[in-house]
$ cat target_25.cif   # mmCIF, C-alpha atoms
data_run
#
loop_
_atom_site.label_atom_id
_atom_site.label_comp_id
_atom_site.auth_asym_id
_atom_site.auth_seq_id
_atom_site.Cartn_x
_atom_site.Cartn_y
_atom_site.Cartn_z
CA MET A 1 74.27 -27.86 -34.67
CA PRO A 2 71.40 -25.28 -34.51
CA ASP A 3 70.66 -23.54 -31.24
CA SER A 4 68.18 -25.44 -29.08
CA LEU A 5 64.69 -24.05 -28.70
CA THR A 6 64.97 -24.75 -25.01
CA SER A 7 67.85 -22.29 -24.66
CA PRO A 8 66.75 -19.70 -22.11
CA ASP A 9 67.97 -16.81 -24.28
CA ILE A 10 67.05 -17.61 -27.89
CA LEU A 11 63.56 -16.09 -27.80
CA HIS A 12 64.56 -13.13 -25.65
CA ASP A 13 67.47 -12.49 -28.03
CA LEU A 14 65.12 -12.69 -31.01
CA VAL A 15 62.67 -10.21 -29.51
CA ALA A 16 65.46 -7.82 -28.49
CA ALA A 17 67.02 -8.01 -31.96
CA ALA A 18 63.65 -7.26 -33.57
CA LEU A 19 63.30 -4.13 -31.45
CA ARG A 20 66.80 -3.02 -32.43
CA ALA A 21 65.90 -3.58 -36.08
CA GLY A 22 63.03 -1.10 -35.88
CA ALA A 23 60.07 -2.98 -34.45
CA ASP A 24 58.06 -1.19 -31.77
CA ALA A 25 56.94 -4.50 -30.26
CA ALA A 26 57.57 -8.16 -30.92
CA GLU A 27 56.70 -11.67 -29.80
CA ALA A 28 58.47 -14.93 -30.55
CA VAL A 29 57.12 -18.48 -30.28
CA THR A 30 58.74 -21.87 -30.57
CA ALA A 31 57.23 -25.28 -31.04
CA GLU A 32 58.96 -28.63 -30.72
CA ARG A 33 57.20 -31.86 -31.61
CA ALA A 34 58.14 -35.52 -31.77
CA SER A 35 55.73 -38.26 -32.78
CA LEU A 36 55.74 -41.93 -33.68
CA SER A 37 52.80 -43.73 -35.27
CA VAL A 38 52.39 -47.32 -36.41
CA GLY A 39 49.70 -48.86 -38.59
CA VAL A 40 48.92 -52.54 -39.09
CA ARG A 41 46.54 -54.42 -41.36
CA ASN A 42 45.58 -58.05 -40.94
CA GLY A 43 48.23 -58.42 -38.26
CA ALA A 44 51.07 -57.25 -40.52
CA LEU A 45 52.97 -54.00 -40.21
CA GLU A 46 51.70 -51.52 -42.79
CA ASP A 47 53.45 -48.24 -42.02
CA VAL A 48 55.65 -46.50 -39.49
CA GLU A 49 55.90 -42.71 -39.37
CA ARG A 50 58.27 -40.73 -37.19
CA GLU A 51 58.27 -36.93 -37.05
CA GLU A 52 60.57 -34.51 -35.28
CA SER A 53 60.20 -30.79 -35.82
CA ARG A 54 61.61 -27.63 -34.25
CA ASP A 55 60.05 -24.42 -35.50
CA LEU A 56 60.25 -20.74 -34.71
CA GLY A 57 57.78 -17.91 -35.30
CA LEU A 58 58.14 -14.14 -34.99
CA ARG A 59 55.47 -11.42 -35.03
CA VAL A 60 56.52 -7.77 -35.07
CA PHE A 61 54.68 -4.44 -34.88
CA VAL A 62 55.69 -1.15 -36.46
CA GLY A 63 53.15 1.26 -35.11
CA ARG A 64 49.79 -0.37 -35.88
CA ARG A 65 51.22 -2.42 -38.71
CA GLN A 66 52.11 -6.05 -38.11
CA ALA A 67 53.76 -8.97 -39.88
CA SER A 68 54.70 -12.52 -38.96
CA VAL A 69 57.22 -15.03 -40.28
CA SER A 70 58.32 -18.55 -39.36
CA ALA A 71 61.21 -20.93 -40.02
CA SER A 72 62.40 -24.42 -39.16
CA ASP A 73 66.08 -23.53 -39.69
CA LEU A 74 67.19 -22.10 -36.35
CA SER A 75 70.69 -20.98 -37.26
CA ALA A 76 71.84 -17.49 -36.31
CA ALA A 77 71.95 -16.44 -39.97
CA THR A 78 68.36 -17.55 -40.52
CA ARG A 79 67.17 -15.76 -37.43
CA THR A 80 68.81 -12.55 -38.67
CA ARG A 81 67.07 -12.85 -42.04
CA LEU A 82 63.81 -13.65 -40.25
CA ILE A 83 63.97 -10.41 -38.29
CA GLU A 84 64.88 -8.32 -41.33
CA ARG A 85 62.05 -9.80 -43.38
CA ALA A 86 59.45 -9.40 -40.62
CA VAL A 87 60.26 -5.75 -39.97
CA ALA A 88 60.33 -4.93 -43.68
CA MET A 89 56.96 -6.64 -44.18
CA ALA A 90 55.42 -4.81 -41.22
CA ARG A 91 56.47 -1.42 -42.62
CA LEU A 92 54.58 -2.22 -45.82
CA ALA A 93 51.51 -3.77 -44.18
CA PRO A 94 48.22 -1.84 -43.91
CA GLU A 95 47.46 -0.26 -40.56
CA ASP A 96 45.25 -2.20 -38.20
CA PRO A 97 43.97 0.05 -35.41
CA TYR A 98 43.22 -2.98 -33.21
CA SER A 99 46.52 -4.85 -33.52
CA ALA A 100 48.80 -4.87 -30.49
CA LEU A 101 50.39 -7.16 -27.95
CA VAL A 102 48.66 -7.80 -24.65
CA PRO A 103 49.97 -5.05 -22.32
CA ALA A 104 52.13 -5.97 -19.36
CA ASP A 105 49.45 -5.27 -16.75
CA ARG A 106 47.05 -7.77 -18.37
CA LEU A 107 49.45 -10.67 -18.85
CA ALA A 108 49.25 -13.98 -17.04
CA ARG A 109 51.84 -14.31 -14.30
CA GLY A 110 53.59 -17.44 -13.06
CA PRO A 111 54.28 -19.68 -11.45
CA PHE A 112 51.85 -21.54 -13.69
CA PRO A 113 49.97 -24.60 -12.36
CA ASP A 114 51.06 -28.12 -13.24
CA LEU A 115 48.12 -29.43 -15.26
CA GLN A 116 49.65 -32.90 -15.66
CA LEU A 117 49.80 -32.56 -19.44
CA PHE A 118 53.13 -34.36 -19.83
CA ASP A 119 53.51 -38.09 -19.25
CA PRO A 120 57.12 -39.37 -19.30
CA SER A 121 55.94 -42.84 -20.37
CA GLU A 122 57.24 -44.04 -23.72
CA ARG A 123 56.20 -46.65 -26.26
CA SER A 124 58.61 -48.06 -28.80
CA ALA A 125 57.65 -48.80 -32.39
CA ALA A 126 57.51 -52.50 -31.51
CA GLU A 127 55.16 -51.82 -28.61
CA LEU A 128 52.93 -49.64 -30.77
CA GLU A 129 52.80 -52.34 -33.43
CA GLN A 130 51.87 -54.96 -30.87
CA VAL A 131 49.02 -53.00 -29.30
CA ALA A 132 47.69 -51.88 -32.70
CA ALA A 133 47.66 -55.49 -33.90
CA GLU A 134 45.92 -56.62 -30.71
CA THR A 135 43.22 -53.96 -31.12
CA GLU A 136 42.66 -55.00 -34.73
CA SER A 137 42.57 -58.68 -33.78
CA VAL A 138 39.88 -58.12 -31.15
CA ALA A 139 37.78 -56.13 -33.62
CA LEU A 140 38.12 -58.81 -36.30
CA ALA A 141 36.99 -61.48 -33.83
CA VAL A 142 33.59 -59.84 -33.37
CA PRO A 143 31.01 -62.08 -35.13
CA GLY A 144 29.96 -60.53 -38.44
CA ILE A 145 33.18 -58.62 -39.06
CA ALA A 146 34.53 -59.51 -42.51
CA ARG A 147 37.71 -57.52 -42.94
CA SER A 148 39.98 -54.91 -41.45
CA GLU A 149 40.71 -51.34 -42.40
CA GLY A 150 43.67 -51.41 -40.04
CA GLY A 151 44.74 -50.78 -36.50
CA HIS A 152 46.80 -47.80 -35.45
CA ALA A 153 48.70 -46.59 -32.39
CA SER A 154 50.75 -43.48 -31.80
CA THR A 155 52.60 -41.43 -29.25
CA ALA A 156 53.57 -37.76 -29.40
CA SER A 157 55.11 -35.03 -27.30
CA SER A 158 55.27 -31.28 -27.82
CA ARG A 159 56.54 -28.13 -26.16
CA TRP A 160 55.31 -24.57 -26.74
CA ARG A 161 56.94 -21.35 -25.54
CA LEU A 162 55.96 -17.70 -25.95
CA VAL A 163 58.04 -14.60 -25.19
CA THR A 164 56.83 -11.03 -25.77
CA SER A 165 58.43 -7.60 -25.52
CA GLU A 166 55.77 -6.73 -22.92
CA GLY A 167 57.49 -9.09 -20.48
CA PHE A 168 55.70 -12.42 -20.92
CA ASP A 169 57.68 -15.68 -20.88
CA GLY A 170 55.71 -18.90 -20.58
CA ALA A 171 56.09 -22.50 -21.71
CA TYR A 172 54.46 -25.87 -21.25
CA GLY A 173 54.78 -29.36 -22.65
CA ALA A 174 52.19 -32.00 -23.45
CA THR A 175 52.00 -35.61 -24.55
CA GLY A 176 49.44 -37.68 -26.38
CA PHE A 177 48.76 -41.40 -26.79
CA SER A 178 46.22 -42.85 -29.20
CA LEU A 179 44.90 -46.26 -30.18
CA GLY A 180 42.20 -47.36 -32.59
CA ALA A 181 40.97 -49.70 -35.30
CA GLY A 182 38.56 -49.69 -38.22
CA VAL A 183 36.71 -52.74 -39.58
CA ILE A 184 34.06 -53.69 -42.13
CA ALA A 185 31.00 -55.78 -41.24
CA GLU A 186 29.23 -57.81 -43.91
CA LYS A 187 25.78 -59.38 -44.17
CA ASP A 188 24.07 -60.72 -47.29
CA GLY A 189 26.69 -59.09 -49.48
CA ALA A 190 26.19 -55.61 -47.99
CA MET A 191 28.99 -54.01 -46.02
CA GLU A 192 29.21 -51.28 -43.40
CA ARG A 193 32.22 -49.57 -41.85
CA GLY A 194 32.77 -48.96 -38.16
CA GLY A 195 35.61 -48.06 -35.87
CA GLU A 196 36.77 -46.75 -32.54
CA SER A 197 39.75 -44.70 -31.44
CA ARG A 198 40.77 -42.93 -28.26
CA SER A 199 43.37 -40.31 -27.39
CA THR A 200 44.63 -39.31 -23.95
CA ARG A 201 47.40 -37.21 -22.41
CA TRP A 202 48.61 -40.07 -20.20
CA LEU A 203 49.23 -43.63 -21.29
CA SER A 204 47.62 -44.99 -18.13
CA ASP A 205 44.34 -43.26 -19.06
CA LEU A 206 44.15 -44.90 -22.50
CA PRO A 207 41.57 -47.71 -22.68
CA ASP A 208 43.06 -51.13 -23.41
CA ALA A 209 43.18 -52.85 -26.79
CA ALA A 210 40.39 -55.27 -25.89
CA SER A 211 37.81 -52.60 -25.10
CA ILE A 212 38.70 -50.41 -28.09
CA GLY A 213 38.72 -53.36 -30.50
CA ALA A 214 35.41 -54.71 -29.22
CA GLU A 215 33.78 -51.31 -29.56
CA ALA A 216 35.10 -50.93 -33.12
CA GLY A 217 33.50 -54.24 -34.07
CA ARG A 218 30.22 -53.45 -32.30
CA ARG A 219 29.88 -50.10 -34.06
CA ALA A 220 30.32 -51.74 -37.47
CA ILE A 221 27.83 -54.52 -36.70
CA GLU A 222 25.10 -52.13 -35.53
CA ARG A 223 25.13 -50.42 -38.95
CA LEU A 224 24.33 -53.60 -40.91
CA SER A 225 21.17 -53.83 -43.05
CA PRO A 226 20.17 -50.17 -42.79
CA ARG A 227 16.73 -49.11 -43.96
CA LYS A 228 15.59 -45.91 -45.55
CA ILE A 229 12.76 -44.03 -43.94
CA ALA A 230 10.20 -41.61 -45.30
CA SER A 231 10.52 -37.93 -44.54
CA THR A 232 8.97 -37.15 -41.19
CA THR A 233 9.17 -35.10 -38.03
CA ALA A 234 10.20 -37.05 -34.95
CA PRO A 235 12.25 -36.92 -31.74
CA VAL A 236 15.99 -37.18 -32.40
CA ILE A 237 18.72 -38.27 -29.99
CA PHE A 238 22.22 -37.14 -30.91
CA ASP A 239 24.58 -39.75 -29.48
CA ARG A 240 27.23 -38.31 -27.18
CA ARG A 241 29.96 -39.09 -29.73
CA ILE A 242 28.53 -36.62 -32.21
CA ALA A 243 26.40 -34.33 -30.02
CA GLY A 244 29.26 -31.83 -29.93
CA GLN A 245 28.75 -31.22 -33.64
CA VAL A 246 25.31 -29.83 -32.86
CA LEU A 247 26.67 -27.59 -30.11
CA SER A 248 30.01 -26.48 -31.57
CA PRO A 249 28.40 -23.82 -33.83
CA LEU A 250 27.59 -22.00 -30.61
CA LEU A 251 31.30 -21.43 -30.03
CA GLY A 252 31.76 -20.04 -33.52
CA ALA A 253 28.75 -17.81 -33.05
CA ILE A 254 30.16 -16.21 -29.87
CA SER A 255 33.67 -15.86 -31.30
CA GLY A 256 34.84 -12.27 -30.93
CA PRO A 257 35.90 -11.85 -34.57
CA SER A 258 32.43 -13.03 -35.72
CA ILE A 259 30.72 -10.64 -33.33
CA ALA A 260 32.96 -7.76 -34.41
CA ARG A 261 32.13 -8.46 -38.08
CA GLY A 262 28.43 -8.76 -37.26
CA ASN A 263 28.00 -12.13 -38.98
CA SER A 264 26.72 -14.24 -36.11
CA PHE A 265 23.20 -15.46 -35.39
CA LEU A 266 23.91 -14.88 -31.67
CA LYS A 267 25.27 -11.33 -32.00
CA ASP A 268 22.25 -9.85 -30.19
CA ARG A 269 21.82 -12.61 -27.60
CA MET A 270 24.31 -11.61 -24.87
CA GLY A 271 22.62 -11.99 -21.48
CA GLN A 272 19.74 -13.92 -23.02
CA ALA A 273 18.78 -17.57 -22.94
CA VAL A 274 20.37 -19.67 -25.71
CA LEU A 275 20.04 -23.07 -23.98
CA PRO A 276 17.31 -24.46 -21.73
CA ARG A 277 17.14 -23.34 -18.13
CA GLY A 278 19.27 -25.53 -15.89
CA VAL A 279 21.80 -26.27 -18.66
CA SER A 280 25.29 -24.74 -18.68
CA LEU A 281 28.22 -24.84 -21.07
CA VAL A 282 31.31 -25.03 -18.90
CA GLU A 283 34.90 -24.20 -19.82
CA ASP A 284 37.78 -25.39 -17.63
CA PRO A 285 41.33 -24.69 -18.90
CA PHE A 286 42.73 -26.23 -15.71
CA ARG A 287 41.28 -29.72 -16.05
CA LEU A 288 44.09 -32.11 -15.11
CA ARG A 289 45.27 -34.12 -18.12
CA GLY A 290 42.67 -32.40 -20.29
CA LEU A 291 43.13 -32.46 -24.05
CA GLY A 292 42.28 -28.76 -24.17
CA SER A 293 44.05 -27.63 -20.99
CA ALA A 294 46.49 -24.70 -20.98
CA PRO A 295 47.97 -22.46 -18.25
CA PHE A 296 47.67 -19.33 -20.44
CA ASP A 297 46.41 -18.46 -23.90
CA ASP A 298 48.51 -17.98 -27.03
CA GLU A 299 48.98 -14.25 -26.43
CA GLY A 300 50.02 -14.67 -22.80
CA SER A 301 46.64 -13.63 -21.37
CA PRO A 302 45.35 -15.45 -18.28
CA VAL A 303 42.75 -18.17 -18.74
CA GLN A 304 39.98 -18.96 -16.29
CA ALA A 305 37.28 -21.51 -15.59
CA ARG A 306 33.88 -20.09 -16.42
CA ASN A 307 30.40 -20.92 -17.64
CA LEU A 308 30.16 -19.68 -21.21
CA VAL A 309 26.45 -20.32 -20.87
CA ASP A 310 25.16 -20.30 -17.29
CA ASP A 311 21.73 -21.74 -16.48
CA GLY A 312 20.86 -21.35 -20.15
CA VAL A 313 22.02 -17.70 -20.40
CA LEU A 314 24.92 -16.56 -22.62
CA THR A 315 27.54 -14.84 -20.44
CA THR A 316 30.56 -13.98 -22.61
CA TRP A 317 32.13 -13.61 -26.03
CA LEU A 318 35.35 -15.45 -26.85
CA LEU A 319 37.95 -12.71 -27.20
CA ASN A 320 41.59 -12.38 -28.14
CA ALA A 321 43.30 -8.99 -27.83
CA SER A 322 42.33 -7.75 -31.29
CA ALA A 323 38.65 -8.72 -31.08
CA ALA A 324 38.46 -7.29 -27.57
CA ALA A 325 39.84 -3.95 -28.80
CA GLN A 326 37.27 -3.86 -31.62
CA LEU A 327 34.45 -4.43 -29.16
CA GLY A 328 35.79 -2.10 -26.46
CA LEU A 329 36.32 -5.02 -24.06
CA GLU A 330 39.25 -6.97 -22.59
CA SER A 331 40.63 -10.30 -23.76
CA THR A 332 38.92 -13.31 -22.22
CA GLY A 333 42.01 -15.50 -22.67
CA HIS A 334 40.84 -17.25 -25.82
CA ALA A 335 43.66 -16.36 -28.23
CA SER A 336 44.90 -19.23 -30.37
CA ARG A 337 47.72 -19.11 -32.88
CA GLY A 338 50.23 -21.08 -34.86
CA LEU A 339 53.76 -20.04 -35.65
CA ALA A 340 52.75 -17.52 -38.32
CA GLY A 341 49.82 -15.19 -38.71
CA PRO A 342 47.82 -13.21 -36.17
CA PRO A 343 45.99 -15.05 -33.39
CA GLY A 344 42.53 -16.47 -33.84
CA VAL A 345 40.15 -17.66 -31.13
CA SER A 346 39.58 -21.04 -29.47
CA THR A 347 38.33 -22.51 -26.21
CA HIS A 348 39.77 -24.87 -23.59
CA ASN A 349 38.00 -28.03 -22.34
CA VAL A 350 34.33 -27.24 -22.90
CA HIS A 351 31.52 -29.52 -21.80
CA LEU A 352 27.75 -29.39 -21.49
CA THR A 353 26.35 -30.18 -18.07
CA PRO A 354 24.59 -33.59 -17.98
CA GLY A 355 20.96 -34.34 -17.23
CA ASP A 356 19.25 -37.17 -15.35
CA LEU A 357 18.60 -39.88 -17.98
CA ASP A 358 21.06 -42.07 -19.87
CA ARG A 359 20.56 -42.74 -23.58
CA ASP A 360 18.17 -45.61 -22.90
CA GLY A 361 16.18 -43.35 -20.60
CA LEU A 362 15.98 -40.69 -23.30
CA MET A 363 14.69 -43.31 -25.74
CA LYS A 364 11.98 -44.38 -23.32
CA GLN A 365 10.99 -40.77 -22.76
CA ALA A 366 10.80 -40.08 -26.50
CA GLY A 367 9.03 -43.36 -27.38
CA THR A 368 9.71 -43.44 -31.12
CA GLY A 369 12.39 -41.59 -33.05
CA LEU A 370 15.95 -41.54 -34.37
CA ILE A 371 19.33 -41.95 -32.67
CA ILE A 372 22.02 -40.26 -34.74
CA THR A 373 25.37 -42.06 -34.46
CA SER A 374 27.25 -40.50 -37.37
CA MET A 375 27.10 -37.17 -39.15
CA PHE A 376 28.66 -35.74 -42.28
CA GLY A 377 28.56 -32.53 -44.28
CA PRO A 378 26.89 -30.23 -41.73
CA SER A 379 25.84 -26.90 -43.24
CA LEU A 380 25.25 -23.68 -41.29
CA ASN A 381 24.03 -20.22 -42.22
CA ALA A 382 26.12 -18.13 -39.80
CA ASN A 383 23.71 -15.20 -39.95
CA THR A 384 20.46 -17.06 -39.29
CA GLY A 385 21.45 -20.29 -37.51
CA ASP A 386 19.72 -22.48 -40.09
CA TRP A 387 21.48 -25.85 -39.98
CA SER A 388 21.34 -29.22 -41.70
CA ALA A 389 23.46 -32.39 -41.83
CA GLY A 390 23.54 -35.78 -43.48
CA VAL A 391 23.27 -38.50 -40.84
CA SER A 392 22.84 -42.18 -40.18
CA GLY A 393 21.90 -44.02 -37.03
CA LEU A 394 19.28 -46.20 -35.38
CA TRP A 395 15.49 -45.99 -35.47
CA PHE A 396 13.78 -46.81 -32.17
CA GLU A 397 10.19 -47.64 -31.32
CA ASN A 398 8.51 -48.01 -27.92
CA GLY A 399 11.81 -46.98 -26.33
CA GLU A 400 13.75 -49.85 -27.95
CA ILE A 401 16.17 -49.88 -30.88
CA ALA A 402 14.40 -51.30 -33.96
CA TRP A 403 16.76 -51.10 -36.95
CA PRO A 404 19.63 -49.04 -38.44
CA VAL A 405 18.85 -46.23 -40.89
CA SER A 406 20.97 -44.36 -43.42
CA GLU A 407 20.86 -41.75 -46.19
CA ILE A 408 18.82 -39.22 -44.26
CA THR A 409 19.15 -35.54 -43.42
CA VAL A 410 18.11 -33.60 -40.34
CA ALA A 411 17.56 -29.85 -40.34
CA GLY A 412 16.37 -26.95 -38.25
CA ASN A 413 17.29 -23.60 -36.78
CA LEU A 414 19.88 -24.06 -34.04
CA ILE A 415 18.33 -21.48 -31.74
CA ASP A 416 15.07 -23.41 -31.86
CA LEU A 417 16.75 -26.83 -31.58
CA TRP A 418 18.91 -25.82 -28.60
CA ALA A 419 15.89 -24.37 -26.79
CA ARG A 420 14.20 -27.79 -26.82
CA MET A 421 17.14 -30.07 -26.10
CA VAL A 422 17.26 -32.42 -23.12
CA PRO A 423 20.79 -33.47 -22.09
CA GLY A 424 21.38 -37.08 -21.07
CA SER A 425 23.41 -38.26 -18.11
CA ASP A 426 26.08 -40.07 -20.17
CA LEU A 427 28.71 -37.33 -20.30
CA GLU A 428 32.17 -38.73 -21.02
CA PHE A 429 35.39 -36.71 -21.32
CA ARG A 430 36.88 -37.96 -24.60
CA SER A 431 38.10 -34.74 -26.25
CA SER A 432 38.39 -31.01 -25.66
CA PHE A 433 34.64 -30.56 -26.35
CA ASN A 434 32.32 -33.04 -24.65
CA SER A 435 28.57 -33.43 -24.44
CA PRO A 436 26.15 -36.05 -23.17
CA SER A 437 23.58 -37.45 -25.58
CA LEU A 438 20.97 -34.85 -26.53
CA LEU A 439 17.25 -35.43 -27.07
CA ILE A 440 15.42 -32.87 -29.22
CA ASP A 441 11.74 -33.34 -30.00
CA ALA A 442 10.07 -32.68 -33.37
CA VAL A 443 13.12 -32.49 -35.63
CA ALA A 444 12.61 -32.40 -39.40
CA ILE A 445 13.98 -35.58 -41.00
CA ALA A 446 14.34 -35.86 -44.78
CA GLY A 447 14.36 -39.45 -46.00
CA LYS A 448 13.47 -41.25 -49.21
#
$ encode --input "target_25.cif" --output "structure tokens"
Amino acid sequence: MPDSLTSPDILHDLVAAALRAGADAAEAVTAERASLSVGVRNGALEDVEREESRDLGLRVFVGRRQASVSASDLSAATRTRLIERAVAMARLAPEDPYSALVPADRLARGPFPDLQLFDPSERSAAELEQVAAETESVALAVPGIARSEGGHASTASSRWRLVTSEGFDGAYGATGFSLGAGVIAEKDGAMERGGESRSTRWLSDLPDAASIGAEAGRRAIERLSPRKIASTTAPVIFDRRIAGQVLSPLLGAISGPSIARGNSFLKDRMGQAVLPRGVSLVEDPFRLRGLGSAPFDDEGSPVQARNLVDDGVLTTWLLNASAAAQLGLESTGHASRGLAGPPGVSTHNVHLTPGDLDRDGLMKQAGTGLIITSMFGPSLNANTGDWSAGVSGLWFENGEIAWPVSEITVAGNLIDLWARMVPGSDLEFRSSFNSPSLLIDAVAIAGK
């Protein structure tokens, strides 16, 4: 039987062996994952998928040259070949003056906080089937729902560990539970899709089948009999479910690699206003049970809670070790990596601070305009911030919803759009990036 990834010595042995084989520095990562998912359709079992994986990754440095390899066979013979291949590849790789491990004096140090990411609760395949069928049944019972696209439920657990030759050794585990359903509403021969799904770290935090099923049905019904509208300029409210898609380009634009390459529309905006005064973009890696929580980043650097944008003003770039070296700065703890390849950049639990009005209040303030409830095909010019997206949603007049609309496009420059946005009060933590509904006045809408 292969050596267990949880063995206290396997990663240290791998790193030590890489150094003996000629590497000047090395880091090893392991990932274990187990998942079970069940799908139903019309109350009958449709599919069951079970996954168990145990994988190993190795990154080595020979001078300023680096290479990475990975394997799912953990035998001693495979590990030996892995080391030989990685070192040989590194010797042939081009030099990268910015590639290096995080030095010992800048590494995160334990003991690491318990972020309550792992829930020991379990659900069997039979239990998953039952709750998926119940969710689907509730959605189908909503008046106007004609057919099902299926219900689904899943459970998963994972464990990640990183060891480096600079002295870092850190690990944490996490779980996930999800539940959802999709249905089709029909009226006068026309059909519209709708659905709802939720994912949480802890089973006890997952909404019940009744609420998820009812929401899936409601979302399909509200799309029925959409109208087309003429091209216009009007206030637009981005519903909280999709508002993050308007804000997420900000994270890409302050990513260290983008700044180092010079292809970011925010490259000259450090210390300047990028959001309205009074609005902040908050990152909290230590949120208990957060879907984006982590006690350290994927290079072993410390993470910290911070305002990426504070009172409207941009405060930081998102840096891993390589991007930090290129910019003459230090890592901000935003390294993200898989088993192979050099680290990229990502954030942990980001949310926009809420305002004073809920979505209904924003509608009343705007008077007449568009609520966007779904978005597809967003397009962004990374150098200018020009942005557009296909959308559908609900037209409102006199502060009240009037009818659904579809086949429209909204567009604008993100710097201009963000400057005019008014956050709602309906912030809900559903994912690793959360935003309340956003009202933006005078948005260009392309219709029929």
$ closest_residue --input "target_25.cif" --among "A:Arg241, A:Arg50, A:Arg289, A:Arg430" --to "Arg359 in chain A" --atoms "all atoms listed in the file"
A:Arg241
$ closest_atom_pairs --input "target_25.cif" --of "range 87-132 of chain A" --to "range 205-226 of chain A" --cutoff "10 Å" --atoms "only C-alpha atoms" --output "Markdown table"
| residue | atom | partner | partner_atom | distance |
| --- | --- | --- | --- | --- |
| A:Gln130 | CA | A:Ala209 | CA | 9.8 |
| A:Val131 | CA | A:Ala209 | CA | 6.4 |
| A:Ala132 | CA | A:Ala209 | CA | 7.5 |
$ resolve_selection --input "target_25.cif" --expression "the PyMOL selection byres ((chain A and resi 47) around 12)" --output "list in words"
Leu36, Ser37, Val38, Gly39, Val40, Arg41, Ala44, Leu45, Glu46, Val48, Glu49, Arg50, Ala125, Leu128, Glu129, Ala132, Gly150, Gly151, His152, Ala153 and Ser154 of chain A
$ atom_distance --input "target_25.cif" --atom1 "CA of Glu51 in chain A" --atom2 "CA of Gly182 in chain A"
23.5 Å
$ closest_residue --input "target_25.cif" --among "A:Gly290, A:Gly244, A:Gly412, A:Pro235" --to "Phe396 in chain A" --atoms "only C-alpha atoms"
A:Pro235
$ closest_atom_pairs --input "target_25.cif" --of "range 108-206 of chain A" --to "range 369-377 of chain A" --cutoff "12 Å" --atoms "only C-alpha atoms" --output "tab-separated table"
residue	atom	partner	partner_atom	distance
A:Arg193	CA	A:Ser374	CA	11.3
A:Gly194	CA	A:Ser374	CA	10.1
A:Gly195	CA	A:Ser374	CA	11.4
$ resolve_selection --input "target_25.cif" --expression "the PyMOL selection byres ((chain A and resi 85) around 12)" --output "short mmCIF file (atom, residue, chain, number, x, y, z; two decimals) with C-alpha atoms, in the frame of the given file"
data_model
loop_
_atom_site.label_atom_id
_atom_site.label_comp_id
_atom_site.auth_asym_id
_atom_site.auth_seq_id
_atom_site.Cartn_x
_atom_site.Cartn_y
_atom_site.Cartn_z
CA ALA A 18 63.65 -7.26 -33.57
CA ALA A 21 65.90 -3.58 -36.08
CA GLY A 22 63.03 -1.10 -35.88
CA ALA A 23 60.07 -2.98 -34.45
CA LEU A 58 58.14 -14.14 -34.99
CA ARG A 59 55.47 -11.42 -35.03
CA VAL A 60 56.52 -7.77 -35.07
CA GLN A 66 52.11 -6.05 -38.11
CA ALA A 67 53.76 -8.97 -39.88
CA SER A 68 54.70 -12.52 -38.96
CA VAL A 69 57.22 -15.03 -40.28
CA SER A 70 58.32 -18.55 -39.36
CA ALA A 71 61.21 -20.93 -40.02
CA THR A 78 68.36 -17.55 -40.52
CA ARG A 79 67.17 -15.76 -37.43
CA THR A 80 68.81 -12.55 -38.67
CA ARG A 81 67.07 -12.85 -42.04
CA LEU A 82 63.81 -13.65 -40.25
CA ILE A 83 63.97 -10.41 -38.29
CA GLU A 84 64.88 -8.32 -41.33
CA ALA A 86 59.45 -9.40 -40.62
CA VAL A 87 60.26 -5.75 -39.97
CA ALA A 88 60.33 -4.93 -43.68
CA MET A 89 56.96 -6.64 -44.18
CA ALA A 90 55.42 -4.81 -41.22
CA ARG A 91 56.47 -1.42 -42.62
CA LEU A 92 54.58 -2.22 -45.82
#
$ closest_atom_pairs --input "target_25.cif" --of "range 296-372 of chain A" --to "range 248-253 of chain A" --cutoff "9 Å" --atoms "all atoms listed in the file" --output "Markdown table"
| residue | atom | partner | partner_atom | distance |
| --- | --- | --- | --- | --- |
| A:Trp317 | CA | A:Leu251 | CA | 8.8 |
| A:Leu318 | CA | A:Leu251 | CA | 7.9 |
| A:Ser346 | CA | A:Leu251 | CA | 8.3 |
| A:Thr347 | CA | A:Leu251 | CA | 8.1 |
$ resolve_selection --input "target_25.cif" --expression "the PyMOL selection byres ((chain A and resi 316) around 9)" --output "list of chain:residue names"
A:Ile254, A:Met270, A:Gly271, A:Asn307, A:Leu308, A:Val309, A:Leu314, A:Thr315, A:Trp317, A:Leu318, A:Leu319, A:Thr332
$ atom_distance --input "target_25.cif" --atom1 "CA of Thr175 in chain A" --atom2 "CA of Asp9 in chain A"
24.7 Å
$ atom_distance --input "target_25.cif" --atom1 "CA of Phe177 in chain A" --atom2 "CA of Ser148 in chain A"
21.8 Å
$ closest_residue --input "target_25.cif" --among "A:Arg198, A:Arg261, A:Arg337, A:Lys364" --to "Gly300 in chain A" --atoms "all atoms listed in the file"
A:Arg337
$ residues_near_point --input "target_25.cif" --point "(25.0, -20.2, -41.7)" --cutoff "12 Å" --atoms "all atoms listed in the file" --output "PyMOL selection string"
chain A and resi 249-250+252-253+258+263-266+378-388+412-414
$ closest_residue --input "target_25.cif" --among "A:Leu438, A:Ala444, A:Ile10, A:Leu339" --to "Ile242 in chain A" --atoms "only C-alpha atoms"
A:Leu438
$ closest_residue --input "target_25.cif" --among "A:Asp426, A:Glu166, A:Glu192, A:Asp55" --to "Asp73 in chain A" --atoms "only C-alpha atoms"
A:Asp55
$ closest_residue --input "target_25.cif" --among "A:Pro423, A:Pro302, A:Gly367, A:Gly338" --to "Asn398 in chain A" --atoms "only C-alpha atoms"
A:Gly367
